[in-house]
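This is start-v3.cif (mmCIF, N, CA and C atoms).
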data_entry
#
loop_
_atom_site.label_atom_id
_atom_site.label_comp_id
_atom_site.auth_asym_id
_atom_site.auth_seq_id
_atom_site.Cartn_x
_atom_site.Cartn_y
_atom_site.Cartn_z
N MET W 579 9.23 -10.77 -10.32
CA MET W 579 8.48 -10.63 -11.53
C MET W 579 8.16 -12.02 -12.07
N ARG W 580 6.91 -12.26 -12.34
CA ARG W 580 6.49 -13.55 -12.89
C ARG W 580 6.06 -13.37 -14.35
N PHE W 581 6.28 -14.38 -15.15
CA PHE W 581 5.90 -14.33 -16.56
C PHE W 581 4.41 -14.02 -16.71
N ARG W 582 3.58 -14.60 -15.84
CA ARG W 582 2.14 -14.40 -15.95
C ARG W 582 1.69 -12.97 -15.67
N GLU W 583 2.58 -12.12 -15.14
CA GLU W 583 2.25 -10.74 -14.84
C GLU W 583 2.40 -9.82 -16.05
N LEU W 584 2.86 -10.36 -17.18
CA LEU W 584 3.08 -9.56 -18.38
C LEU W 584 1.80 -9.40 -19.18
N ASP W 585 1.70 -8.26 -19.89
CA ASP W 585 0.57 -8.04 -20.78
C ASP W 585 0.98 -8.41 -22.21
N ALA W 586 0.12 -8.15 -23.16
CA ALA W 586 0.37 -8.53 -24.55
C ALA W 586 1.57 -7.80 -25.15
N LEU W 587 1.98 -6.68 -24.56
CA LEU W 587 3.12 -5.92 -25.06
C LEU W 587 4.45 -6.36 -24.43
N GLY W 588 4.37 -7.32 -23.50
CA GLY W 588 5.58 -7.79 -22.84
C GLY W 588 5.98 -6.99 -21.63
N HIS W 589 5.13 -6.04 -21.22
CA HIS W 589 5.37 -5.24 -20.01
C HIS W 589 4.57 -5.83 -18.86
N VAL W 590 4.98 -5.51 -17.65
CA VAL W 590 4.18 -5.88 -16.49
C VAL W 590 2.87 -5.09 -16.59
N ASN W 591 1.75 -5.79 -16.46
CA ASN W 591 0.43 -5.16 -16.55
C ASN W 591 0.27 -4.09 -15.48
N HIS W 592 -0.40 -3.01 -15.83
CA HIS W 592 -0.56 -1.88 -14.91
C HIS W 592 -1.21 -2.28 -13.58
N ALA W 593 -2.16 -3.20 -13.60
CA ALA W 593 -2.83 -3.62 -12.36
C ALA W 593 -1.88 -4.35 -11.43
N VAL W 594 -0.87 -5.00 -11.98
CA VAL W 594 0.09 -5.75 -11.17
C VAL W 594 0.93 -4.81 -10.31
N TYR W 595 1.19 -3.60 -10.80
CA TYR W 595 1.92 -2.62 -9.99
C TYR W 595 1.23 -2.45 -8.64
N LEU W 596 -0.11 -2.36 -8.68
CA LEU W 596 -0.85 -2.17 -7.43
C LEU W 596 -0.86 -3.44 -6.58
N THR W 597 -0.70 -4.59 -7.19
CA THR W 597 -0.54 -5.83 -6.42
C THR W 597 0.77 -5.79 -5.65
N TYR W 598 1.83 -5.27 -6.26
CA TYR W 598 3.11 -5.11 -5.55
C TYR W 598 2.94 -4.14 -4.38
N VAL W 599 2.20 -3.07 -4.59
CA VAL W 599 1.93 -2.10 -3.52
C VAL W 599 1.12 -2.76 -2.41
N GLU W 600 0.13 -3.54 -2.78
CA GLU W 600 -0.69 -4.25 -1.79
C GLU W 600 0.18 -5.15 -0.91
N GLN W 601 1.13 -5.84 -1.51
CA GLN W 601 2.01 -6.72 -0.74
C GLN W 601 2.85 -5.91 0.26
N ALA W 602 3.39 -4.78 -0.18
CA ALA W 602 4.17 -3.93 0.73
C ALA W 602 3.29 -3.41 1.86
N ARG W 603 2.08 -2.99 1.52
CA ARG W 603 1.14 -2.48 2.53
C ARG W 603 0.80 -3.57 3.54
N THR W 604 0.57 -4.79 3.07
CA THR W 604 0.24 -5.90 3.96
C THR W 604 1.41 -6.21 4.89
N MET W 605 2.63 -6.15 4.38
CA MET W 605 3.80 -6.37 5.22
C MET W 605 3.92 -5.28 6.29
N TYR W 606 3.57 -4.05 5.95
CA TYR W 606 3.55 -2.95 6.91
C TYR W 606 2.55 -3.27 8.03
N PHE W 607 1.36 -3.69 7.66
CA PHE W 607 0.35 -4.02 8.67
C PHE W 607 0.85 -5.12 9.60
N ARG W 608 1.49 -6.13 9.02
CA ARG W 608 1.98 -7.26 9.82
C ARG W 608 3.21 -6.88 10.64
N ASP W 609 4.21 -6.28 10.02
CA ASP W 609 5.50 -6.06 10.67
C ASP W 609 5.55 -4.80 11.54
N VAL W 610 4.88 -3.74 11.12
CA VAL W 610 4.92 -2.49 11.88
C VAL W 610 3.75 -2.40 12.85
N MET W 611 2.54 -2.58 12.34
CA MET W 611 1.35 -2.46 13.20
C MET W 611 1.10 -3.73 14.02
N ARG W 612 1.83 -4.81 13.71
CA ARG W 612 1.72 -6.08 14.41
C ARG W 612 0.31 -6.66 14.37
N LEU W 613 -0.38 -6.46 13.24
CA LEU W 613 -1.71 -7.02 13.07
C LEU W 613 -1.60 -8.46 12.59
N ASP W 614 -2.51 -9.29 13.03
CA ASP W 614 -2.60 -10.66 12.56
C ASP W 614 -3.30 -10.63 11.20
N VAL W 615 -2.51 -10.81 10.14
CA VAL W 615 -3.04 -10.75 8.78
C VAL W 615 -3.50 -12.15 8.39
N PRO W 616 -4.71 -12.34 7.91
CA PRO W 616 -5.71 -11.34 7.56
C PRO W 616 -6.76 -11.09 8.65
N ASP W 617 -6.70 -11.83 9.75
CA ASP W 617 -7.79 -11.80 10.73
C ASP W 617 -8.07 -10.44 11.36
N GLU W 618 -7.05 -9.64 11.59
CA GLU W 618 -7.26 -8.35 12.26
C GLU W 618 -7.29 -7.16 11.31
N LEU W 619 -7.20 -7.40 10.02
CA LEU W 619 -7.24 -6.28 9.06
C LEU W 619 -8.64 -5.69 9.00
N ARG W 620 -8.71 -4.40 9.15
CA ARG W 620 -9.99 -3.68 9.09
C ARG W 620 -9.91 -2.52 8.12
N TRP W 621 -8.80 -2.41 7.38
CA TRP W 621 -8.62 -1.31 6.44
C TRP W 621 -9.42 -1.55 5.17
N VAL W 622 -10.09 -0.53 4.72
CA VAL W 622 -10.82 -0.54 3.45
C VAL W 622 -10.22 0.57 2.60
N MET W 623 -9.93 0.26 1.35
CA MET W 623 -9.36 1.27 0.46
C MET W 623 -10.46 2.24 0.05
N ALA W 624 -10.27 3.52 0.32
CA ALA W 624 -11.24 4.55 -0.05
C ALA W 624 -10.88 5.14 -1.41
N THR W 625 -9.60 5.40 -1.61
CA THR W 625 -9.14 5.95 -2.89
C THR W 625 -7.68 5.58 -3.07
N GLN W 626 -7.30 5.41 -4.32
CA GLN W 626 -5.90 5.11 -4.62
C GLN W 626 -5.60 5.60 -6.03
N ARG W 627 -4.45 6.22 -6.18
CA ARG W 627 -4.04 6.67 -7.51
C ARG W 627 -2.61 6.20 -7.75
N CYS W 628 -2.31 6.00 -9.02
CA CYS W 628 -0.97 5.55 -9.38
C CYS W 628 -0.55 6.26 -10.65
N ASP W 629 0.60 6.91 -10.61
CA ASP W 629 1.20 7.52 -11.78
C ASP W 629 2.26 6.56 -12.31
N TYR W 630 2.06 6.09 -13.53
CA TYR W 630 2.99 5.14 -14.15
C TYR W 630 4.07 5.93 -14.88
N LEU W 631 5.31 5.74 -14.48
CA LEU W 631 6.42 6.53 -15.00
C LEU W 631 7.25 5.78 -16.04
N ALA W 632 7.32 4.47 -15.92
CA ALA W 632 8.12 3.67 -16.85
C ALA W 632 7.62 2.23 -16.80
N PRO W 633 7.79 1.50 -17.89
CA PRO W 633 7.36 0.10 -17.90
C PRO W 633 8.34 -0.80 -17.16
N LEU W 634 7.80 -1.87 -16.63
CA LEU W 634 8.61 -2.95 -16.07
C LEU W 634 8.53 -4.13 -17.04
N ALA W 635 9.63 -4.83 -17.19
CA ALA W 635 9.68 -5.97 -18.09
C ALA W 635 10.03 -7.23 -17.31
N PHE W 636 9.89 -8.37 -17.98
CA PHE W 636 10.19 -9.64 -17.36
C PHE W 636 11.62 -9.64 -16.84
N ALA W 637 11.80 -10.15 -15.63
CA ALA W 637 13.09 -10.27 -14.94
C ALA W 637 13.59 -8.96 -14.34
N ASP W 638 12.86 -7.85 -14.49
CA ASP W 638 13.23 -6.63 -13.77
C ASP W 638 13.05 -6.87 -12.28
N LEU W 639 13.88 -6.24 -11.50
CA LEU W 639 13.71 -6.24 -10.05
C LEU W 639 13.08 -4.93 -9.66
N VAL W 640 12.17 -4.96 -8.71
CA VAL W 640 11.49 -3.75 -8.28
C VAL W 640 11.42 -3.71 -6.77
N ASP W 641 11.72 -2.55 -6.21
CA ASP W 641 11.56 -2.30 -4.77
C ASP W 641 10.33 -1.42 -4.59
N VAL W 642 9.58 -1.70 -3.54
CA VAL W 642 8.37 -0.93 -3.26
C VAL W 642 8.53 -0.25 -1.91
N GLY W 643 8.43 1.07 -1.92
CA GLY W 643 8.41 1.84 -0.68
C GLY W 643 6.97 2.24 -0.38
N TRP W 644 6.56 2.13 0.87
CA TRP W 644 5.19 2.44 1.26
C TRP W 644 5.22 3.03 2.66
N ARG W 645 4.47 4.12 2.88
CA ARG W 645 4.42 4.71 4.22
C ARG W 645 3.14 5.51 4.40
N LEU W 646 2.79 5.69 5.66
CA LEU W 646 1.67 6.56 5.99
C LEU W 646 2.16 8.01 6.00
N THR W 647 1.30 8.91 5.55
CA THR W 647 1.66 10.33 5.54
C THR W 647 0.73 11.17 6.40
N GLY W 648 -0.35 10.58 6.89
CA GLY W 648 -1.27 11.32 7.74
C GLY W 648 -2.30 10.40 8.36
N LEU W 649 -2.80 10.82 9.51
CA LEU W 649 -3.81 10.04 10.23
C LEU W 649 -5.01 10.91 10.55
N GLY W 650 -6.19 10.40 10.25
CA GLY W 650 -7.43 11.03 10.67
C GLY W 650 -8.03 10.21 11.80
N ARG W 651 -9.26 10.48 12.14
CA ARG W 651 -9.92 9.74 13.20
C ARG W 651 -10.10 8.28 12.83
N SER W 652 -10.56 8.02 11.60
CA SER W 652 -10.75 6.65 11.14
C SER W 652 -10.07 6.41 9.79
N SER W 653 -9.26 7.35 9.36
CA SER W 653 -8.62 7.21 8.05
C SER W 653 -7.12 7.40 8.15
N ALA W 654 -6.45 6.96 7.11
CA ALA W 654 -5.00 7.14 7.02
C ALA W 654 -4.64 7.43 5.57
N GLN W 655 -3.80 8.41 5.37
CA GLN W 655 -3.30 8.72 4.04
C GLN W 655 -1.96 8.02 3.87
N PHE W 656 -1.67 7.58 2.64
CA PHE W 656 -0.43 6.88 2.38
C PHE W 656 0.15 7.30 1.04
N GLU W 657 1.43 6.97 0.85
CA GLU W 657 2.08 7.17 -0.43
C GLU W 657 2.98 5.97 -0.70
N PHE W 658 3.29 5.76 -1.97
CA PHE W 658 4.16 4.65 -2.35
C PHE W 658 4.99 5.03 -3.55
N GLU W 659 6.08 4.29 -3.73
CA GLU W 659 6.92 4.44 -4.91
C GLU W 659 7.51 3.08 -5.27
N LEU W 660 7.49 2.75 -6.54
CA LEU W 660 8.13 1.55 -7.06
C LEU W 660 9.37 1.99 -7.80
N VAL W 661 10.49 1.33 -7.51
CA VAL W 661 11.78 1.71 -8.10
C VAL W 661 12.42 0.47 -8.69
N SER W 662 12.89 0.61 -9.92
CA SER W 662 13.64 -0.44 -10.58
C SER W 662 15.06 0.07 -10.80
N GLY W 663 15.90 -0.72 -11.47
CA GLY W 663 17.30 -0.33 -11.67
C GLY W 663 17.49 1.03 -12.31
N ALA W 664 16.59 1.42 -13.19
CA ALA W 664 16.72 2.70 -13.89
C ALA W 664 16.12 3.86 -13.10
N GLY W 665 15.48 3.58 -11.98
CA GLY W 665 14.88 4.64 -11.17
C GLY W 665 13.41 4.38 -10.93
N PRO W 666 12.66 5.44 -10.53
CA PRO W 666 11.24 5.27 -10.24
C PRO W 666 10.45 4.81 -11.46
N VAL W 667 9.56 3.84 -11.26
CA VAL W 667 8.70 3.37 -12.34
C VAL W 667 7.23 3.70 -12.08
N ALA W 668 6.87 3.98 -10.83
CA ALA W 668 5.51 4.37 -10.49
C ALA W 668 5.51 5.00 -9.10
N ARG W 669 4.56 5.88 -8.90
CA ARG W 669 4.35 6.45 -7.55
C ARG W 669 2.90 6.86 -7.43
N GLY W 670 2.45 6.93 -6.20
CA GLY W 670 1.06 7.30 -5.98
C GLY W 670 0.73 7.36 -4.51
N GLY W 671 -0.54 7.27 -4.22
CA GLY W 671 -0.98 7.34 -2.83
C GLY W 671 -2.48 7.16 -2.76
N GLY W 672 -3.00 7.38 -1.56
CA GLY W 672 -4.42 7.23 -1.39
C GLY W 672 -4.85 7.36 0.06
N VAL W 673 -6.04 6.90 0.31
CA VAL W 673 -6.64 6.96 1.65
C VAL W 673 -7.28 5.62 1.96
N MET W 674 -7.02 5.13 3.17
CA MET W 674 -7.66 3.92 3.70
C MET W 674 -8.54 4.32 4.87
N VAL W 675 -9.56 3.52 5.12
CA VAL W 675 -10.48 3.78 6.23
C VAL W 675 -10.53 2.55 7.12
N TRP W 676 -10.43 2.76 8.44
CA TRP W 676 -10.57 1.69 9.41
C TRP W 676 -12.07 1.45 9.57
N ALA W 677 -12.51 0.22 9.35
CA ALA W 677 -13.95 -0.02 9.28
C ALA W 677 -14.38 -1.22 10.11
N ASP W 678 -15.64 -1.20 10.48
CA ASP W 678 -16.29 -2.33 11.13
C ASP W 678 -16.88 -3.18 10.00
N PRO W 679 -16.36 -4.39 9.79
CA PRO W 679 -16.84 -5.19 8.65
C PRO W 679 -18.30 -5.62 8.78
N ARG W 680 -18.79 -5.77 9.99
CA ARG W 680 -20.20 -6.17 10.17
C ARG W 680 -21.15 -5.02 9.87
N ALA W 681 -20.80 -3.83 10.35
CA ALA W 681 -21.66 -2.67 10.14
C ALA W 681 -21.44 -2.05 8.76
N GLY W 682 -20.26 -2.30 8.17
CA GLY W 682 -19.96 -1.73 6.87
C GLY W 682 -19.77 -0.23 6.90
N ARG W 683 -19.17 0.26 7.98
CA ARG W 683 -18.94 1.72 8.08
C ARG W 683 -17.63 1.99 8.82
N ALA W 684 -17.15 3.20 8.66
CA ALA W 684 -15.91 3.62 9.32
C ALA W 684 -16.10 3.71 10.82
N ILE W 685 -15.06 3.34 11.56
CA ILE W 685 -15.03 3.48 13.01
C ILE W 685 -13.67 4.06 13.39
N PRO W 686 -13.54 4.63 14.59
CA PRO W 686 -12.24 5.19 14.98
C PRO W 686 -11.14 4.12 15.00
N MET W 687 -9.98 4.53 14.52
CA MET W 687 -8.81 3.65 14.54
C MET W 687 -8.37 3.45 16.00
N PRO W 688 -7.99 2.23 16.37
CA PRO W 688 -7.52 2.01 17.74
C PRO W 688 -6.31 2.90 18.07
N GLU W 689 -6.29 3.43 19.27
CA GLU W 689 -5.22 4.34 19.68
C GLU W 689 -3.84 3.71 19.61
N GLU W 690 -3.74 2.42 19.91
CA GLU W 690 -2.45 1.75 19.86
C GLU W 690 -1.89 1.73 18.43
N LEU W 691 -2.75 1.48 17.45
CA LEU W 691 -2.31 1.52 16.05
C LEU W 691 -1.90 2.92 15.64
N ARG W 692 -2.65 3.89 16.09
CA ARG W 692 -2.33 5.29 15.80
C ARG W 692 -0.96 5.66 16.37
N ARG W 693 -0.69 5.22 17.59
CA ARG W 693 0.60 5.51 18.23
C ARG W 693 1.75 4.85 17.47
N ILE W 694 1.58 3.57 17.14
CA ILE W 694 2.63 2.84 16.42
C ILE W 694 2.92 3.50 15.09
N ALA W 695 1.88 3.79 14.32
CA ALA W 695 2.06 4.40 12.99
C ALA W 695 2.69 5.77 13.10
N ALA W 696 2.22 6.59 14.04
CA ALA W 696 2.76 7.93 14.18
C ALA W 696 4.24 7.89 14.53
N GLU W 697 4.62 6.96 15.38
CA GLU W 697 6.03 6.83 15.76
C GLU W 697 6.87 6.29 14.60
N PHE W 698 6.41 5.24 13.94
CA PHE W 698 7.19 4.62 12.86
C PHE W 698 7.37 5.56 11.67
N ASP W 699 6.30 6.23 11.27
CA ASP W 699 6.34 7.10 10.09
C ASP W 699 6.59 8.55 10.43
N ASP W 700 6.94 8.82 11.69
CA ASP W 700 7.26 10.18 12.13
C ASP W 700 6.15 11.18 11.78
N LEU W 701 4.93 10.81 12.13
CA LEU W 701 3.77 11.69 11.89
C LEU W 701 3.56 12.56 13.11
N ARG W 702 3.37 13.81 12.91
CA ARG W 702 3.19 14.74 14.03
C ARG W 702 1.78 15.25 14.08
#
Encoding of this model in structure tokens:
Amino acid sequence: MRFRELDALGHVNHAVYLTYVEQARTMYFRDVMRLDVPDELRWVMATQRCDYLAPLAFADLVDVGWRLTGLGRSSAQFEFELVSGAGPVARGGGVMVWADPRAGRAIPMPEELRRIAAEFDDLR
């Protein structure tokens, strides 16, 4: 938690919660999918929602859980939860799309990534 992440009320700003989620997601891409970040990232956020359950304050510690919950041909569904000492502070999910950055459209996810994700997140 950084001081600059606080809003005028002394709480961590709501947008910062999603920055924490983005960091966890990026680590998943690097550590699980073994993608060279940022050069091999092709994910585009299609939708994302976050339910804010409790405020975070300066010096709070927060853990972020993130996982895939489903795979489509060119999309992946995910969920996340942020937990502080008192319990869950936010949870949500969304959909990402594997895209061709030059064409600006969705393309099929590589089979190797699909296999890795399905195995790691126990997707059937």
Inset, instruction - Given the file shown, determine the residues that the PyMOL selection byres ((chain W and resi 640-643) around 6.5) selects; report them as a list of chain:residue names. - result: W:Tyr598, W:Ala602, W:Asp638, W:Leu639, W:Trp644, W:Arg645, W:Glu657, W:Phe658, W:Glu659, W:Leu660, W:Val661, W:Ser662, W:Gly663
Inset, instruction - Mind giving me the straight-line distance from atom N of Ala668 (chain W) to atom C of Arg693 (chain W) in Å, one decimal? - result: 28.8 Å
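Of the listed residues W:Val673, W:Phe607, W:Gln601, W:Glu690, the one whose atoms come nearest to Gln655 (chain W) is W:Val673, with distances taken using only N, CA and C atoms.
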Legend entry - Answer as a list of chain:residue names, residues within 5 Å of (-11.1, 6.1, 11.5) using all atoms listed in the file: W:Arg651, W:Ser652, W:Ser653, W:Trp676, W:Ile685, W:Pro686, W:Met687
Inset, instruction - For region 587-592 of chain W, please output as a list of chain:residue names all residues within 6 Å (counting only N, CA and C atoms; exclusion window: fewer than 3 positions along the same chain). - result: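 The residues satisfying every condition are W:Glu583, W:Leu584, W:Tyr595, W:Leu596, W:Pro633, W:Leu634, W:Ala635, W:Phe636.
Atom C of Arg620 (chain W) is found 5.2 Å from atom C of Val675 (chain W).
One distance worth recording is that between atom N of Pro666 (chain W) and atom N of Val599 (chain W), which is 14.7 Å.
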Inset, instruction - Using backbone DSSP assignments, extract all helix (DSSP H, G or I) residues from region 595-687 of chain W; output them as a count of residues only. - result: 15
Inset, instruction - Return as an MDAnalysis selection string the full set of residues in chain W whose backbone-based DSSP assignment is strand (DSSP E). - result: chainID W and resid 621:630 641:649 653:662 665:678 683:684
